[in-house]
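Participant: Take a look at start.pdb, PDB, C-alpha atoms, pLDDT in the B column:
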ATOM      1  CA  MET F   1     166.946 -25.495 139.189  1.00 86.00           C
ATOM      2  CA  LEU F   2     166.761 -21.893 137.958  1.00 93.00           C
ATOM      3  CA  ALA F   3     164.289 -23.095 135.347  1.00 94.00           C
ATOM      4  CA  THR F   4     162.624 -19.736 134.669  1.00 94.00           C
ATOM      5  CA  MET F   5     163.469 -16.046 134.721  1.00 95.00           C
ATOM      6  CA  ALA F   6     161.437 -15.689 137.925  1.00 95.00           C
ATOM      7  CA  GLU F   7     163.625 -18.270 139.676  1.00 96.00           C
ATOM      8  CA  ILE F   8     166.795 -16.600 138.419  1.00 97.00           C
ATOM      9  CA  GLU F   9     165.595 -13.212 139.686  1.00 96.00           C
ATOM     10  CA  THR F  10     164.717 -14.678 143.081  1.00 96.00           C
ATOM     11  CA  ASP F  11     168.221 -16.128 143.354  1.00 97.00           C
ATOM     12  CA  VAL F  12     169.825 -12.862 142.261  1.00 97.00           C
ATOM     13  CA  ARG F  13     167.833 -10.886 144.810  1.00 97.00           C
ATOM     14  CA  SER F  14     168.777 -13.357 147.525  1.00 97.00           C
ATOM     15  CA  LEU F  15     172.475 -12.849 146.772  1.00 97.00           C
ATOM     16  CA  VAL F  16     172.250  -9.037 146.711  1.00 97.00           C
ATOM     17  CA  ASN F  17     169.960  -9.039 149.761  1.00 97.00           C
ATOM     18  CA  GLU F  18     167.041  -7.242 148.134  1.00 97.00           C
ATOM     19  CA  ALA F  19     164.018  -9.545 148.143  1.00 96.00           C
ATOM     20  CA  VAL F  20     161.653  -6.846 146.867  1.00 95.00           C
ATOM     21  CA  ALA F  21     162.580  -4.530 143.992  1.00 95.00           C
ATOM     22  CA  SER F  22     163.986  -1.248 145.223  1.00 96.00           C
ATOM     23  CA  PHE F  23     167.421  -0.268 143.938  1.00 97.00           C
ATOM     24  CA  TRP F  24     167.425  -2.941 141.227  1.00 97.00           C
ATOM     25  CA  SER F  25     164.353  -3.357 139.042  1.00 97.00           C
ATOM     26  CA  SER F  26     163.063  -6.662 137.664  1.00 96.00           C
ATOM     27  CA  ALA F  27     163.547  -5.307 134.135  1.00 97.00           C
ATOM     28  CA  GLU F  28     167.251  -4.697 134.827  1.00 97.00           C
ATOM     29  CA  ILE F  29     167.853  -8.144 136.275  1.00 98.00           C
ATOM     30  CA  THR F  30     166.009  -9.746 133.355  1.00 97.00           C
ATOM     31  CA  ARG F  31     168.086  -7.756 130.876  1.00 97.00           C
ATOM     32  CA  TRP F  32     171.350  -8.744 132.564  1.00 98.00           C
ATOM     33  CA  ALA F  33     170.362 -12.421 132.756  1.00 97.00           C
ATOM     34  CA  ASN F  34     169.577 -12.359 129.032  1.00 97.00           C
ATOM     35  CA  GLU F  35     172.892 -10.642 128.368  1.00 97.00           C
ATOM     36  CA  GLY F  36     174.719 -13.376 130.275  1.00 97.00           C
ATOM     37  CA  GLN F  37     172.785 -16.050 128.411  1.00 96.00           C
ATOM     38  CA  GLU F  38     173.684 -14.452 125.067  1.00 95.00           C
ATOM     39  CA  ILE F  39     177.384 -14.433 125.975  1.00 95.00           C
ATOM     40  CA  ILE F  40     177.254 -18.064 127.122  1.00 95.00           C
ATOM     41  CA  GLY F  41     175.567 -19.216 123.912  1.00 91.00           C
ATOM     42  CA  THR F  42     177.946 -17.272 121.665  1.00 90.00           C
ATOM     43  CA  GLU F  43     181.264 -17.905 123.403  1.00 91.00           C
ATOM     44  CA  THR F  44     180.718 -21.588 124.202  1.00 90.00           C
ATOM     45  CA  LYS F  45     178.714 -22.532 121.089  1.00 88.00           C
ATOM     46  CA  CYS F  46     176.782 -24.893 123.332  1.00 87.00           C
ATOM     47  CA  LEU F  47     173.465 -24.781 121.449  1.00 88.00           C
ATOM     48  CA  SER F  48     173.368 -26.657 118.153  1.00 86.00           C
ATOM     49  CA  LYS F  49     170.416 -26.666 115.780  1.00 87.00           C
ATOM     50  CA  TYR F  50     169.624 -28.445 112.528  1.00 89.00           C
ATOM     51  CA  TYR F  51     168.603 -25.974 109.826  1.00 91.00           C
ATOM     52  CA  LYS F  52     166.738 -27.058 106.716  1.00 92.00           C
ATOM     53  CA  HIS F  53     165.278 -24.590 104.263  1.00 93.00           C
ATOM     54  CA  THR F  54     163.775 -24.754 100.797  1.00 96.00           C
ATOM     55  CA  LEU F  55     164.976 -21.714  98.902  1.00 95.00           C
ATOM     56  CA  ILE F  56     162.572 -19.274  97.309  1.00 94.00           C
ATOM     57  CA  ALA F  57     163.590 -16.542  94.875  1.00 94.00           C
ATOM     58  CA  ALA F  58     163.396 -13.874  97.579  1.00 94.00           C
ATOM     59  CA  ASP F  59     165.999 -15.742  99.666  1.00 93.00           C
ATOM     60  CA  ILE F  60     168.706 -15.360  97.036  1.00 94.00           C
ATOM     61  CA  VAL F  61     170.552 -12.037  96.988  1.00 92.00           C
ATOM     62  CA  ASN F  62     173.391 -10.931  94.699  1.00 90.00           C
ATOM     63  CA  ASP F  63     172.359 -13.902  92.526  1.00 90.00           C
ATOM     64  CA  ARG F  64     174.358 -16.350  94.651  1.00 92.00           C
ATOM     65  CA  GLU F  65     174.034 -15.649  98.391  1.00 93.00           C
ATOM     66  CA  VAL F  66     171.534 -16.598 101.101  1.00 93.00           C
ATOM     67  CA  ARG F  67     171.285 -14.811 104.445  1.00 91.00           C
ATOM     68  CA  MET F  68     171.518 -16.943 107.583  1.00 87.00           C
ATOM     69  CA  TYR F  69     168.606 -17.136 110.027  1.00 86.00           C
ATOM     70  CA  SER F  70     168.501 -14.429 112.712  1.00 85.00           C
ATOM     71  CA  ASP F  71     169.189 -16.993 115.485  1.00 86.00           C
ATOM     72  CA  PHE F  72     172.313 -18.298 113.706  1.00 87.00           C
ATOM     73  CA  VAL F  73     175.717 -17.668 115.343  1.00 84.00           C
ATOM     74  CA  ALA F  74     178.180 -19.903 113.494  1.00 83.00           C
ATOM     75  CA  LEU F  75     178.403 -23.119 111.523  1.00 81.00           C
ATOM     76  CA  ASP F  76     178.607 -26.189 113.749  1.00 81.00           C
ATOM     77  CA  ASP F  77     180.774 -29.216 112.935  1.00 74.00           C
ATOM     78  CA  GLY F  78     180.277 -30.212 109.338  1.00 73.00           C
ATOM     79  CA  GLY F  79     179.360 -28.143 106.312  1.00 85.00           C
ATOM     80  CA  ILE F  80     176.549 -27.259 103.925  1.00 91.00           C
ATOM     81  CA  VAL F  81     174.384 -29.762 102.084  1.00 94.00           C
ATOM     82  CA  TYR F  82     172.610 -28.640  98.899  1.00 95.00           C
ATOM     83  CA  ASP F  83     169.905 -30.956  97.556  1.00 95.00           C
ATOM     84  CA  ASP F  84     171.417 -33.872  99.507  1.00 94.00           C
ATOM     85  CA  LYS F  85     174.929 -33.207  98.176  1.00 94.00           C
ATOM     86  CA  PRO F  86     177.704 -32.003 100.535  1.00 93.00           C
ATOM     87  CA  LEU F  87     179.468 -28.874  99.301  1.00 94.00           C
ATOM     88  CA  GLU F  88     183.160 -28.054  99.656  1.00 92.00           C
ATOM     89  CA  GLN F  89     184.013 -24.827 101.451  1.00 91.00           C
ATOM     90  CA  ILE F  90     186.036 -22.256  99.537  1.00 91.00           C
ATOM     91  CA  SER F  91     186.948 -18.595  99.943  1.00 90.00           C
ATOM     92  CA  LEU F  92     186.028 -15.571  97.861  1.00 88.00           C
ATOM     93  CA  ASN F  93     189.738 -14.943  97.307  1.00 88.00           C
ATOM     94  CA  ALA F  94     190.203 -18.396  95.799  1.00 90.00           C
ATOM     95  CA  LEU F  95     187.223 -17.935  93.497  1.00 90.00           C
ATOM     96  CA  ASN F  96     188.356 -14.488  92.396  1.00 87.00           C
ATOM     97  CA  GLU F  97     191.914 -15.695  91.799  1.00 87.00           C
ATOM     98  CA  HIS F  98     191.291 -19.006  90.086  1.00 84.00           C
ATOM     99  CA  ALA F  99     187.711 -19.374  88.914  1.00 83.00           C
ATOM    100  CA  GLY F 100     187.511 -16.709  86.198  1.00 81.00           C
ATOM    101  CA  SER F 101     183.990 -15.389  85.607  1.00 85.00           C
ATOM    102  CA  TRP F 102     182.640 -17.501  88.448  1.00 89.00           C
ATOM    103  CA  ARG F 103     179.820 -15.079  89.266  1.00 87.00           C
ATOM    104  CA  GLU F 104     178.073 -15.940  86.006  1.00 84.00           C
ATOM    105  CA  THR F 105     178.665 -19.689  86.198  1.00 88.00           C
ATOM    106  CA  THR F 106     175.447 -21.715  86.193  1.00 89.00           C
ATOM    107  CA  GLY F 107     174.772 -25.288  87.175  1.00 91.00           C
ATOM    108  CA  THR F 108     174.412 -27.187  90.443  1.00 93.00           C
ATOM    109  CA  PRO F 109     176.451 -25.656  93.286  1.00 94.00           C
ATOM    110  CA  THR F 110     179.516 -27.637  94.355  1.00 93.00           C
ATOM    111  CA  ARG F 111     181.090 -25.128  96.761  1.00 93.00           C
ATOM    112  CA  PHE F 112     180.084 -22.589  99.362  1.00 94.00           C
ATOM    113  CA  TYR F 113     181.730 -19.606 101.051  1.00 92.00           C
ATOM    114  CA  PHE F 114     180.925 -17.268 103.923  1.00 89.00           C
ATOM    115  CA  ARG F 115     180.581 -13.493 103.634  1.00 88.00           C
ATOM    116  CA  SER F 116     179.416 -11.757 106.796  1.00 86.00           C
ATOM    117  CA  ASP F 117     176.062 -13.399 107.663  1.00 87.00           C
ATOM    118  CA  MET F 118     175.647 -14.848 104.180  1.00 90.00           C
ATOM    119  CA  ILE F 119     176.298 -18.240 102.635  1.00 91.00           C
ATOM    120  CA  GLY F 120     177.460 -17.905  99.047  1.00 93.00           C
ATOM    121  CA  PHE F 121     177.228 -20.670  96.457  1.00 95.00           C
ATOM    122  CA  TYR F 122     179.259 -21.561  93.387  1.00 94.00           C
ATOM    123  CA  PRO F 123     177.760 -22.044  90.851  1.00 94.00           C
ATOM    124  CA  ILE F 124     174.675 -19.954  91.636  1.00 92.00           C
ATOM    125  CA  PRO F 125     171.816 -21.571  93.618  1.00 94.00           C
ATOM    126  CA  SER F 126     168.247 -22.005  92.436  1.00 94.00           C
ATOM    127  CA  ALA F 127     164.843 -21.498  93.990  1.00 94.00           C
ATOM    128  CA  GLY F 128     163.360 -24.823  95.063  1.00 95.00           C
ATOM    129  CA  ALA F 129     166.676 -26.256  96.219  1.00 96.00           C
ATOM    130  CA  VAL F 130     166.962 -27.530  99.803  1.00 96.00           C
ATOM    131  CA  VAL F 131     169.836 -26.229 101.945  1.00 95.00           C
ATOM    132  CA  GLU F 132     170.770 -28.046 105.180  1.00 93.00           C
ATOM    133  CA  TYR F 133     173.391 -27.501 107.858  1.00 90.00           C
ATOM    134  CA  TYR F 134     174.053 -27.718 111.576  1.00 88.00           C
ATOM    135  CA  GLY F 135     174.507 -24.323 113.172  1.00 87.00           C
ATOM    136  CA  ILE F 136     175.147 -22.770 116.559  1.00 87.00           C
ATOM    137  CA  GLU F 137     171.989 -20.957 117.571  1.00 88.00           C
ATOM    138  CA  ARG F 138     171.269 -18.028 119.853  1.00 90.00           C
ATOM    139  CA  ALA F 139     169.295 -18.878 122.979  1.00 90.00           C
ATOM    140  CA  THR F 140     165.637 -17.866 123.196  1.00 91.00           C
ATOM    141  CA  GLU F 141     165.191 -14.632 125.139  1.00 94.00           C
ATOM    142  CA  LEU F 142     164.128 -15.208 128.742  1.00 93.00           C
ATOM    143  CA  SER F 143     160.663 -14.115 129.809  1.00 91.00           C
ATOM    144  CA  GLY F 144     157.770 -15.772 131.608  1.00 87.00           C
ATOM    145  CA  ASP F 145     158.208 -19.552 131.617  1.00 89.00           C
ATOM    146  CA  THR F 146     160.943 -19.663 128.964  1.00 91.00           C
ATOM    147  CA  VAL F 147     163.560 -22.221 130.014  1.00 93.00           C
ATOM    148  CA  PRO F 148     167.159 -20.883 129.944  1.00 94.00           C
ATOM    149  CA  LEU F 149     169.517 -21.833 127.122  1.00 92.00           C
ATOM    150  CA  SER F 150     166.692 -23.099 124.928  1.00 90.00           C
ATOM    151  CA  GLY F 151     165.859 -25.865 127.409  1.00 89.00           C
ATOM    152  CA  ASP F 152     169.012 -27.867 126.577  1.00 87.00           C
ATOM    153  CA  TYR F 153     169.167 -30.391 129.443  1.00 89.00           C
ATOM    154  CA  ARG F 154     172.986 -30.496 129.256  1.00 86.00           C
ATOM    155  CA  THR F 155     173.143 -26.885 130.412  1.00 90.00           C
ATOM    156  CA  ILE F 156     171.051 -27.205 133.587  1.00 94.00           C
ATOM    157  CA  ALA F 157     174.130 -27.098 135.814  1.00 94.00           C
ATOM    158  CA  PHE F 158     175.350 -23.984 133.989  1.00 95.00           C
ATOM    159  CA  ARG F 159     172.291 -21.795 134.547  1.00 95.00           C
ATOM    160  CA  ARG F 160     173.922 -20.453 137.697  1.00 96.00           C
ATOM    161  CA  TYR F 161     176.427 -18.573 135.553  1.00 97.00           C
ATOM    162  CA  MET F 162     173.630 -16.438 134.117  1.00 97.00           C
ATOM    163  CA  ARG F 163     172.652 -15.638 137.696  1.00 97.00           C
ATOM    164  CA  ASP F 164     176.280 -14.774 138.532  1.00 98.00           C
ATOM    165  CA  TYR F 165     176.460 -12.427 135.554  1.00 98.00           C
ATOM    166  CA  ALA F 166     173.278 -10.653 136.663  1.00 98.00           C
ATOM    167  CA  VAL F 167     174.597 -10.365 140.240  1.00 98.00           C
ATOM    168  CA  ALA F 168     177.856  -8.908 138.927  1.00 98.00           C
ATOM    169  CA  MET F 169     175.944  -6.279 136.979  1.00 98.00           C
ATOM    170  CA  CYS F 170     173.813  -5.454 140.025  1.00 98.00           C
ATOM    171  CA  TRP F 171     176.969  -4.647 142.000  1.00 98.00           C
ATOM    172  CA  GLU F 172     178.394  -2.811 138.987  1.00 98.00           C
ATOM    173  CA  LYS F 173     175.399  -0.500 138.966  1.00 97.00           C
ATOM    174  CA  LYS F 174     175.901   0.192 142.679  1.00 97.00           C
ATOM    175  CA  ASN F 175     179.625   0.822 142.079  1.00 97.00           C
ATOM    176  CA  GLU F 176     180.563  -2.066 144.366  1.00 97.00           C
ATOM    177  CA  ILE F 177     183.450  -3.025 142.088  1.00 97.00           C
ATOM    178  CA  THR F 178     185.058  -5.675 144.305  1.00 98.00           C
ATOM    179  CA  LYS F 179     181.782  -7.578 144.570  1.00 97.00           C
ATOM    180  CA  ALA F 180     181.093  -7.089 140.868  1.00 98.00           C
ATOM    181  CA  ASP F 181     184.522  -8.465 139.951  1.00 98.00           C
ATOM    182  CA  ARG F 182     184.067 -11.484 142.222  1.00 98.00           C
ATOM    183  CA  TYR F 183     180.862 -12.566 140.480  1.00 98.00           C
ATOM    184  CA  MET F 184     182.171 -11.710 137.021  1.00 98.00           C
ATOM    185  CA  ASP F 185     185.161 -13.962 137.732  1.00 98.00           C
ATOM    186  CA  ARG F 186     182.722 -16.743 138.569  1.00 97.00           C
ATOM    187  CA  PHE F 187     180.934 -16.112 135.297  1.00 98.00           C
ATOM    188  CA  ASN F 188     184.165 -16.200 133.276  1.00 97.00           C
ATOM    189  CA  ARG F 189     185.241 -19.425 134.984  1.00 97.00           C
ATOM    190  CA  GLY F 190     181.840 -20.768 134.023  1.00 96.00           C
ATOM    191  CA  LEU F 191     182.541 -20.056 130.342  1.00 95.00           C
ATOM    192  CA  TYR F 192     185.760 -22.041 130.662  1.00 94.00           C
ATOM    193  CA  ASN F 193     183.951 -24.926 132.378  1.00 92.00           C
ATOM    194  CA  ILE F 194     181.200 -25.053 129.761  1.00 91.00           C
ATOM    195  CA  ASN F 195     183.728 -25.129 126.925  1.00 89.00           C
ATOM    196  CA  ALA F 196     185.769 -27.832 128.647  1.00 88.00           C
ATOM    197  CA  ILE F 197     182.774 -30.057 129.387  1.00 88.00           C
ATOM    198  CA  LEU F 198     180.510 -29.624 126.369  1.00 82.00           C
ATOM    199  CA  ASN F 199     183.120 -29.117 123.657  1.00 74.00           C
ATOM    200  CA  GLY F 200     185.570 -31.754 124.830  1.00 67.00           C
ATOM    201  CA  HIS F 201     183.919 -34.540 122.858  1.00 61.00           C
ATOM    202  CA  ARG F 202     182.784 -32.891 119.645  1.00 58.00           C
ATOM    203  CA  ASN F 203     181.832 -35.619 117.219  1.00 55.00           C
ATOM    204  CA  GLN F 204     183.548 -34.409 114.052  1.00 51.00           C
ATOM    205  CA  GLY F 205     185.045 -37.852 113.499  1.00 46.00           C
ATOM    206  CA  ALA F 206     181.602 -39.189 112.656  1.00 43.00           C
ATOM    207  CA  GLN F 207     181.372 -36.819 109.656  1.00 43.00           C
ATOM    208  CA  ILE F 208     177.596 -36.778 109.458  1.00 44.00           C
ATOM    209  CA  ILE F 209     178.108 -33.838 107.118  1.00 44.00           C
ATOM    210  CA  PRO F 210     181.730 -33.834 105.891  1.00 44.00           C
ATOM    211  CA  GLY F 211     183.612 -30.865 107.304  1.00 46.00           C
ATOM    212  CA  TYR F 212     187.214 -32.065 107.104  1.00 46.00           C
ATOM    213  CA  VAL F 213     188.394 -34.925 104.955  1.00 48.00           C
ATOM    214  CA  ALA F 214     191.814 -36.451 104.487  1.00 50.00           C
ATOM    215  CA  LYS F 215     193.890 -35.484 101.477  1.00 51.00           C
ATOM    216  CA  GLY F 216     193.116 -37.817  98.619  1.00 52.00           C
ATOM    217  CA  HIS F 217     189.436 -38.181  99.490  1.00 50.00           C
ATOM    218  CA  LYS F 218     187.022 -37.132  96.762  1.00 49.00           C
ATOM    219  CA  TYR F 219     186.004 -34.102  98.826  1.00 48.00           C
ATOM    220  CA  ALA F 220     189.561 -33.222  99.879  1.00 48.00           C
ATOM    221  CA  ILE F 221     191.041 -29.768  99.370  1.00 47.00           C
ATOM    222  CA  ARG F 222     193.167 -29.848  96.251  1.00 50.00           C
ATOM    223  CA  TYR F 223     196.135 -27.745  97.254  1.00 46.00           C
ATOM    224  CA  GLY F 224     197.782 -25.902  94.382  1.00 50.00           C
ATOM    225  CA  ARG F 225     195.262 -27.013  91.768  1.00 49.00           C
ATOM    226  CA  THR F 226     193.085 -24.594  89.846  1.00 51.00           C
ATOM    227  CA  ASP F 227     191.593 -27.007  87.313  1.00 52.00           C
ATOM    228  CA  VAL F 228     188.980 -28.059  89.860  1.00 54.00           C
ATOM    229  CA  PHE F 229     187.027 -24.872  89.111  1.00 55.00           C
ATOM    230  CA  ASP F 230     186.577 -25.758  85.455  1.00 54.00           C
TER     231      ASP F 230
END
Would it be possible to restate this file's structure as structure tokens?
Facilitator:
Amino acid sequence: MLATMAEIETDVRSLVNEAVASFWSSAEITRWANEGQEIIGTETKCLSKYYKHTLIAADIVNDREVRMYSDFVALDDGGIVYDDKPLEQISLNALNEHAGSWRETTGTPTRFYFRSDMIGFYPIPSAGAVVEYYGIERATELSGDTVPLSGDYRTIAFRRYMRDYAVAMCWEKKNEITKADRYMDRFNRGLYNINAILNGHRNQGAQIIPGYVAKGHKYAIRYGRTDVFD
């Protein structure tokens, strides 16, 4: 069902009653379907990927930060593992306030922070180390036989929302606002449905990579303590 861009375009053209390209080009419909797919992947975080990378010197910028992959959207449940050791998340503000000359601290990283599309490490990371994490990925751009939403079988029933988005944009181009709004409403309801169905059973309790731990656990956040940076 809607397994390729060609099938999506055929469905779109059926709904706008234009079987052969005339007012709406194939390039436009493809662009709008990809736009809808990008929104679905970003706003529902439905596509999870396991990232594992051995650092080289060129990966490390500002002595302590590593840029995320270009298909990375956000961190999934869990955290960062560095050479098989889970790291605690911290903020730049906490490091600046409590960790002294933390930028020059050497040794094996024990904490990580986010800055824009970077992961930062404290102490500084080293080339040859292996960094692992689960992340939300961007879907592969649709063209040819590419399967929507990276071929995730859980999303088969949701491919129609990409079609609805493309139909909405077709009517938008033609200034048929009532029709455009109707299909965009369907698309937005689809985002709600995807979040409710796919994110209703997130498995954080399993703690494959510890993301949240109870106070008192060895990886727990130590509220009010600054000696942990020593």
Participant: Given the file shown, enumerate the residues that the PyMOL selection byres ((chain F and resi 187) around 6) captures and present them as a PyMOL selection string.
Facilitator: chain F and resi 161+164-165+184-186+188-190
Participant: Could you tell me which residues the PyMOL selection byres ((chain F and resi 160) around 12) grabs in this file, written as a PyMOL selection string?
Facilitator: chain F and resi 1-5+7-9+11-12+15+33+36-37+40+148-149+155-159+161-167+183+186-191+194
Participant: Pull the neighbourhood of (177.5, -27.5, 112.9) for me: all residues within 8 Å in file coordinates, counting only C-alpha atoms, as JSON, numbers by chain.
Facilitator: {"F": [48, 49, 50, 74, 75, 76, 77, 78, 79, 133, 134, 135, 136]}
Participant: Suppose you want the space between CA of Ser150 in chain F and CA of Phe72 in chain F; what is it in Å?
Facilitator: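 The value is 13.4 Å.
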Participant: For range 107-118 of chain F, work out the shell of residues within 7 Å, counting all atoms listed in the file and skipping chain neighbours fewer than 2 positions away, then give it as a PyMOL selection string.
Facilitator: chain F and resi 65-68+87-92+105+120-125
Participant: Kindly export the residues of the current selection with C-alpha atoms, as a short mmCIF file (atom, residue, chain, number, x, y, z; two decimals), in the frame of the given file.
Facilitator:
data_model
loop_
_atom_site.label_atom_id
_atom_site.label_comp_id
_atom_site.auth_asym_id
_atom_site.auth_seq_id
_atom_site.Cartn_x
_atom_site.Cartn_y
_atom_site.Cartn_z
CA GLU F 65 174.03 -15.65 98.39
CA VAL F 66 171.53 -16.60 101.10
CA ARG F 67 171.28 -14.81 104.44
CA MET F 68 171.52 -16.94 107.58
CA LEU F 87 179.47 -28.87 99.30
CA GLU F 88 183.16 -28.05 99.66
CA GLN F 89 184.01 -24.83 101.45
CA ILE F 90 186.04 -22.26 99.54
CA SER F 91 186.95 -18.60 99.94
CA LEU F 92 186.03 -15.57 97.86
CA THR F 105 178.66 -19.69 86.20
CA GLY F 120 177.46 -17.90 99.05
CA PHE F 121 177.23 -20.67 96.46
CA TYR F 122 179.26 -21.56 93.39
CA PRO F 123 177.76 -22.04 90.85
CA ILE F 124 174.68 -19.95 91.64
CA PRO F 125 171.82 -21.57 93.62
#
Participant: Record the distance separating CA of Ala168 in chain F and CA of Arg182 in chain F, expressed in Å with one decimal.
Facilitator: 7.5 Å
Participant: Mind giving me the axis-aligned box for range 50-69 of chain F with 6 Å on every side, centre plus edges in Å to one decimal, as JSON?
Facilitator:
{"center_x": 168.5, "center_y": -19.7, "center_z": 102.5, "size_x": 23.8, "size_y": 29.5, "size_z": 32.0}
Participant: Mind giving me the straight-line distance from CA of Val73 in chain F to CA of Tyr153 in chain F in Å, one decimal?
Facilitator: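 Between CA of Val73 in chain F and CA of Tyr153 in chain F the gap is 20.1 Å.
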Participant: Please provide the set of residues having any atom within 10 Å of Ala57 in chain F, restricted to all atoms listed in the file, with same-chain residues fewer than 6 positions apart removed, written as a list in words.
Facilitator: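 The residues satisfying every condition are Asp63, Pro125, Ser126, Ala127 and Gly128 of chain F.
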Participant: Residues picked by the PyMOL selection byres ((chain F and resi 24) around 12) here, as a ChimeraX atom specification?
Facilitator: /F:9,12-13,16-23,25-32,166-167,169-174
